Amino acid sequence: MTDTKRKLRSTEWFGTADKNGFMYRSWMKNQGIPDHEFDGRPIVGICNTWSELTPCNAHFRKIAEHVKRGVSEAGGFPVEFPVFSNGESNLRPTAMLTRNLASMDVEEAIRGNPIDAVVLLVGCDKTTPALMMGAASCDIPAIVVSGGPMLNGKLDGRDIGSGTAVWQLHESLKAGEINLHQFLSAEGGMSRSAGTCNTMGTASTMACMAEALGASLPHNAAIPAVDARRYVLAQMSGARAVAMAREGLTLSKILTREAFENAIRVNAAIGGSTNAVIHLKAIAGRIGVPLELEDWTRIGRDVPTIVDLMPSGRFLMEEFYYAGGLPAVLRRLGENGLLPHPGALTVNGQSIWDNVREAPSFNDEVIRPLDKPLIQDGGMCILRGNLAPRGAVLKPSAASPELLKHRGRAVVFENLEHYKERIVDETLEVDASSVLVMKNCGPRGYPGMAEVGNMGLPPKLLRQGVKDMVRISDARMSGTAYGTVVLHVAPEAAAGGPLAVVRDGDWIELDCHAGRLHLDISEAALAERLAALEAAPAPARQSGYQRLYIDHVLQADEGCDFDFLVGCRGSEVPRHSH
Ligand code: FES
Ligand code: MG
């Protein structure tokens, strides 16, 4: 495979004995780099999303050191560089607002620099798609190294899951089952080690997606952040990146249509986050692979969810790794004819099936056999209808089976603030059969499509013991959340979608089996309401990045990328800087 004569990009910087070569080398030498490192060996960029404001990625300097060992050991030249870090927990109004910003940063940083291959250090939710999107638009050899999940959360001697515990404890607080002291005392125990959310939230889901796509080494998704084997994997990935540079194993050879079909199946098997629908579409768009919402139904529905992790199930990422991790899941799928493309190429140069065909499983409670699934019909439910002409998404494994077919009257909130004000009103006309509808939380409307779709239930119903209701919005929800929640309604209210004209008391019909989301008013009445719909108010922010975002963001069914960023622009070396 190795083509040692392949011309490396970095040669265009360091390979000439002229003025330009002098300049490029001389300034690099201020870091103590000897002449022999400029002998034409592959230069491997380590794209680092380390930040103390992204707690899930705060341990990445140490991971980078281990990647560097691998690069050097394999005869490469490691160069670490920072990119915008999207921290889910701190960034307001939502880390999703800056996913595309980070992807632009990554793309331009790679293309403009002397880099022959890149190791993508990712962890917290948005960092994984952002770096994969940026790298895909350059299409150079790239390998994903995730930061790994946190150890199991602990509260009063039992396990609690990142995020999921927050939603559960908050409902218990509102229902009067626990007091404020009990609520707040869970903070320290929930997040007690380095790493990403330990549930099958978006971070774990996207780590599994990267592995299922073949963009990481086997086991990348699940090794706990603090497990020494995480550092071994980082070192191996660094070494592998050097070989990939020599082989010219670019991302477009990995991220094929087949790889995405495998990933959609795997998402169903792991009970993965709804956010994967948006992020996979965005990554596919950057590498030029067509992917439609209906692919999730066609490929992903009827696949059993066999990974019993919160929020759908019982366990956490630590148990998932000890049970065999994603390779064990891939093997189970493959042995049952459920891995559509076993021959798909992965970053180690082998097919995905070669990587997992002998992968052991150690715990059938955590990674269940296919005939004893957690949920028989996993996968995403894609909904369409007059309320969501361009689609909406629901995750059946996180929903209540009895609500998957439901007809109820709308209780409408114009935006998040309106919801917060109204939901606590004891006189609000609402019962367990009502459908909570929230508008203006989509890509343009929020802006950034915040994770607010899993609206908490009215306190008065919680006190009556109501645990779930149908909720509909143009928002997203955290991958750690649960409930019968219809998300990503497109077009969003702020883009003039029919969601904008739903009124209190309207009847709404949800039928997941039929993939239908229907506002039960006549076509004429709907048309009349839409015609009377006033143009969305001008966004509060008239300049800056938010302005760019609102003007160019695509709707949820198109992955919320910017219209001008879709596509692969390649890694051609730009002209000289001097
Ligand atoms: Fe960072 Fe969940 S908040 S992974
Ligand atoms: Mg999240």
# chains A, B, ... in the order shown; residues from 1 in each chain; ligands from 1
call {"tool": "select_by_dssp", "arguments": {"residues": "segment 318-452 of chain A", "states": "strand (DSSP E or B)", "output": "JSON, numbers by chain"}}
result
{"A": [345, 351, 367, 375, 381, 382, 383, 384, 385, 388, 389, 390, 391, 392, 393, 394, 405, 406, 407, 408, 409, 410, 411, 412, 413, 435, 436, 437, 438]}
call {"tool": "residues_near_ligand", "arguments": {"ligand": "ligand 2", "cutoff": "10 Å", "atoms": "only C-alpha atoms and all ligand atoms", "output": "ChimeraX atom specification"}}
result
/A:87-89,94-96,124-126,163,197,201-203,273,275,450-451,476-481
call {"tool": "write_last_selection", "arguments": {"atoms": "C-alpha atoms", "output": "PDB file, in the first residue's frame"}}
result
ATOM      1  CA  GLY A  87     -18.387  23.264  25.034  1.00  0.00           C
ATOM      2  CA  GLU A  88     -21.936  22.047  25.378  1.00  0.00           C
ATOM      3  CA  SER A  89     -22.400  22.877  29.052  1.00  0.00           C
ATOM      4  CA  THR A  94     -26.220  26.949  22.399  1.00  0.00           C
ATOM      5  CA  ALA A  95     -23.025  25.216  21.287  1.00  0.00           C
ATOM      6  CA  MET A  96     -24.820  24.367  18.054  1.00  0.00           C
ATOM      7  CA  CYS A 124     -17.970  17.141  23.683  1.00  0.00           C
ATOM      8  CA  ASP A 125     -21.001  16.901  21.378  1.00  0.00           C
ATOM      9  CA  LYS A 126     -20.375  19.505  18.702  1.00  0.00           C
ATOM     10  CA  GLY A 163     -27.521  14.888  31.753  1.00  0.00           C
ATOM     11  CA  CYS A 197     -21.148  12.544  29.119  1.00  0.00           C
ATOM     12  CA  GLY A 201     -25.960  11.168  24.665  1.00  0.00           C
ATOM     13  CA  THR A 202     -24.751  13.052  21.659  1.00  0.00           C
ATOM     14  CA  ALA A 203     -21.049  12.887  22.554  1.00  0.00           C
ATOM     15  CA  SER A 273     -29.039  10.619  19.823  1.00  0.00           C
ATOM     16  CA  ASN A 275     -28.644  14.968  16.971  1.00  0.00           C
ATOM     17  CA  ALA A 450     -31.073  24.959  21.140  1.00  0.00           C
ATOM     18  CA  GLU A 451     -31.605  21.718  23.069  1.00  0.00           C
ATOM     19  CA  ARG A 476     -33.287  19.822  19.233  1.00  0.00           C
ATOM     20  CA  MET A 477     -32.972  17.934  22.485  1.00  0.00           C
ATOM     21  CA  SER A 478     -29.975  16.732  24.392  1.00  0.00           C
ATOM     22  CA  GLY A 479     -28.998  13.182  23.537  1.00  0.00           C
ATOM     23  CA  THR A 480     -29.220  12.507  27.269  1.00  0.00           C
ATOM     24  CA  ALA A 481     -32.912  13.430  27.335  1.00  0.00           C
TER      25      ALA A 481
END
call {"tool": "atom_distance", "arguments": {"atom1": "atom CA of Tyr446 of chain A", "atom2": "atom CA of Arg547 of chain A"}}
result
12.3 Å
call {"tool": "select_by_dssp", "arguments": {"residues": "segment 124-353 of chain A", "states": "alpha helix (DSSP H)", "output": "PyMOL selection string"}}
result
chain A and resi 127-138+164-174+180-184+187-190+202-212+228-247+251-254+257-270+275-287+293-295+317-322+325-335+352-353
call {"tool": "write_last_selection", "arguments": {"atoms": "C-alpha atoms", "output": "tab-separated table (two decimals), in the first residue's frame"}}
result
chain	number	residue	atom	x	y	z
A	127	THR	CA	-16.62	19.08	18.53
A	128	THR	CA	-16.95	15.74	16.73
A	129	PRO	CA	-19.13	16.91	13.82
A	130	ALA	CA	-17.36	20.28	13.62
A	131	LEU	CA	-13.92	18.73	13.14
A	132	MET	CA	-15.18	15.99	10.83
A	133	MET	CA	-17.01	18.56	8.71
A	134	GLY	CA	-13.94	20.78	8.41
A	135	ALA	CA	-11.62	17.87	7.63
A	136	ALA	CA	-14.11	16.43	5.12
A	137	SER	CA	-14.18	19.69	3.19
A	138	CYS	CA	-10.37	19.40	2.82
A	164	THR	CA	-30.14	12.19	32.22
A	165	ALA	CA	-29.81	12.62	36.01
A	166	VAL	CA	-30.34	16.36	35.68
A	167	TRP	CA	-33.63	15.92	33.82
A	168	GLN	CA	-34.81	13.21	36.23
A	169	LEU	CA	-33.82	15.00	39.43
A	170	HIS	CA	-35.31	18.27	38.24
A	171	GLU	CA	-38.65	16.58	37.57
A	172	SER	CA	-38.46	14.98	41.04
A	173	LEU	CA	-37.76	18.39	42.57
A	174	LYS	CA	-40.73	19.95	40.79
A	180	LEU	CA	-33.33	21.53	46.83
A	181	HIS	CA	-30.42	20.32	48.95
A	182	GLN	CA	-30.80	16.77	47.60
A	183	PHE	CA	-31.01	18.15	44.08
A	184	LEU	CA	-27.87	20.28	44.26
A	187	GLU	CA	-23.65	17.91	41.03
A	188	GLY	CA	-20.25	16.67	42.17
A	189	GLY	CA	-21.07	13.00	41.88
A	190	MET	CA	-22.56	13.20	38.42
A	202	THR	CA	-24.75	13.05	21.66
A	203	ALA	CA	-21.05	12.89	22.55
A	204	SER	CA	-21.09	9.09	22.95
A	205	THR	CA	-23.35	8.75	19.93
A	206	MET	CA	-21.04	10.80	17.72
A	207	ALA	CA	-18.01	8.89	19.00
A	208	CYS	CA	-19.84	5.69	17.98
A	209	MET	CA	-20.73	7.27	14.64
A	210	ALA	CA	-17.07	8.13	13.97
A	211	GLU	CA	-16.10	4.53	14.74
A	212	ALA	CA	-18.98	3.08	12.69
A	228	ALA	CA	-4.87	4.05	30.36
A	229	ARG	CA	-5.98	2.30	27.19
A	230	ARG	CA	-7.36	5.63	25.96
A	231	TYR	CA	-3.75	6.85	25.81
A	232	VAL	CA	-2.62	3.71	24.06
A	233	LEU	CA	-5.31	4.31	21.44
A	234	ALA	CA	-4.14	7.93	21.07
A	235	GLN	CA	-0.57	6.76	20.45
A	236	MET	CA	-1.67	4.11	17.95
A	237	SER	CA	-3.79	6.70	16.14
A	238	GLY	CA	-0.84	9.07	15.85
A	239	ALA	CA	1.27	6.30	14.35
A	240	ARG	CA	-1.51	5.35	12.00
A	241	ALA	CA	-1.89	8.95	10.78
A	242	VAL	CA	1.71	8.87	9.55
A	243	ALA	CA	1.00	5.75	7.52
A	244	MET	CA	-2.21	7.26	6.18
A	245	ALA	CA	-0.27	10.29	4.94
A	246	ARG	CA	2.12	7.98	3.12
A	247	GLU	CA	-0.70	5.88	1.68
A	251	LEU	CA	-11.32	10.86	4.14
A	252	SER	CA	-13.33	10.47	0.95
A	253	LYS	CA	-12.16	6.84	0.74
A	254	ILE	CA	-13.58	6.26	4.23
A	257	ARG	CA	-22.27	6.35	1.13
A	258	GLU	CA	-21.75	2.77	2.40
A	259	ALA	CA	-20.09	4.04	5.56
A	260	PHE	CA	-23.03	6.34	6.29
A	261	GLU	CA	-25.48	3.47	5.80
A	262	ASN	CA	-23.49	1.40	8.30
A	263	ALA	CA	-23.55	4.32	10.73
A	264	ILE	CA	-27.33	4.74	10.49
A	265	ARG	CA	-27.78	1.04	11.39
A	266	VAL	CA	-25.39	1.38	14.27
A	267	ASN	CA	-27.23	4.44	15.56
A	268	ALA	CA	-30.37	2.34	15.82
A	269	ALA	CA	-28.52	-0.49	17.57
A	270	ILE	CA	-27.00	1.81	20.19
A	275	ASN	CA	-28.64	14.97	16.97
A	276	ALA	CA	-26.84	12.37	14.85
A	277	VAL	CA	-29.47	12.91	12.15
A	278	ILE	CA	-28.37	16.53	11.77
A	279	HIS	CA	-24.64	15.97	12.20
A	280	LEU	CA	-24.34	13.00	9.80
A	281	LYS	CA	-26.20	14.97	7.16
A	282	ALA	CA	-23.81	17.89	7.62
A	283	ILE	CA	-20.70	15.66	7.42
A	284	ALA	CA	-22.07	13.83	4.38
A	285	GLY	CA	-22.75	17.17	2.70
A	286	ARG	CA	-19.13	18.20	3.16
A	287	ILE	CA	-17.73	15.06	1.54
A	293	LEU	CA	-34.07	11.96	6.05
A	294	GLU	CA	-35.87	8.95	4.57
A	295	ASP	CA	-32.58	7.01	4.64
A	317	MET	CA	-20.46	4.00	28.91
A	318	GLU	CA	-18.10	2.35	31.40
A	319	GLU	CA	-20.18	-0.84	31.29
A	320	PHE	CA	-20.43	-0.50	27.52
A	321	TYR	CA	-16.65	-0.62	27.17
A	322	TYR	CA	-16.26	-3.48	29.63
A	325	GLY	CA	-17.76	-1.70	23.19
A	326	LEU	CA	-18.78	-0.86	19.67
A	327	PRO	CA	-16.82	-3.72	18.02
A	328	ALA	CA	-19.07	-6.18	19.88
A	329	VAL	CA	-22.16	-4.37	18.58
A	330	LEU	CA	-20.82	-4.34	15.01
A	331	ARG	CA	-20.10	-8.05	15.21
A	332	ARG	CA	-23.64	-8.82	16.44
A	333	LEU	CA	-25.11	-6.75	13.63
A	334	GLY	CA	-22.83	-8.34	11.03
A	335	GLU	CA	-23.51	-11.90	12.15
A	352	ILE	CA	-14.96	-2.72	9.20
A	353	TRP	CA	-15.82	-6.41	9.25
call {"tool": "atom_distance", "arguments": {"atom1": "atom CA of Gln464 of chain A", "atom2": "atom CA of Leu309 of chain A"}}
result
28.1 Å
call {"tool": "closest_residue", "arguments": {"among": "A:Gly21, A:Ile143, A:Leu91, A:Lys154", "to": "ligand 1", "atoms": "only C-alpha atoms and all ligand atoms"}}
result
A:Leu91
call {"tool": "closest_residue", "arguments": {"among": "A:Ala495, A:Ile306, A:Leu213, A:Val347", "to": "Asp371 of chain A", "atoms": "only C-alpha atoms"}}
result
A:Ile306
call {"tool": "closest_residue", "arguments": {"among": "A:Asp308, A:Ala323, A:Thr49, A:Asn348", "to": "Ala142 of chain A", "atoms": "only C-alpha atoms"}}
result
A:Asn348
call {"tool": "atom_distance", "arguments": {"atom1": "atom CA of Gly379 of chain A", "atom2": "atom CA of Gly313 of chain A"}}
result
14.3 Å
call {"tool": "closest_residue", "arguments": {"among": "A:Ile521, A:Cys47, A:Ile115, A:Met455", "to": "Val83 of chain A", "atoms": "only C-alpha atoms"}}
result
A:Cys47
call {"tool": "closest_residue", "arguments": {"among": "A:Asn100, A:Asn90, A:Ser10, A:Thr16", "to": "Phe562 of chain A", "atoms": "only C-alpha atoms"}}
result
A:Asn100
call {"tool": "residues_around", "arguments": {"residues": "Pro574 of chain A", "least_positions_apart": "3", "cutoff": "10 Å", "atoms": "only C-alpha atoms", "output": "compact mmCIF listing (two decimals) with C-alpha atoms, in the first residue's frame"}}
result
# COMPACT_ATOMS: atom_id res chain seq x y z
CA GLU A 12 5.46 22.72 -0.76
CA ARG A 111 -5.68 23.71 4.18
CA GLY A 112 -3.53 26.74 4.89
CA ASN A 113 -0.86 24.89 6.86
CA SER A 571 -6.61 20.26 -0.03
CA SER A 577 2.20 34.04 1.69
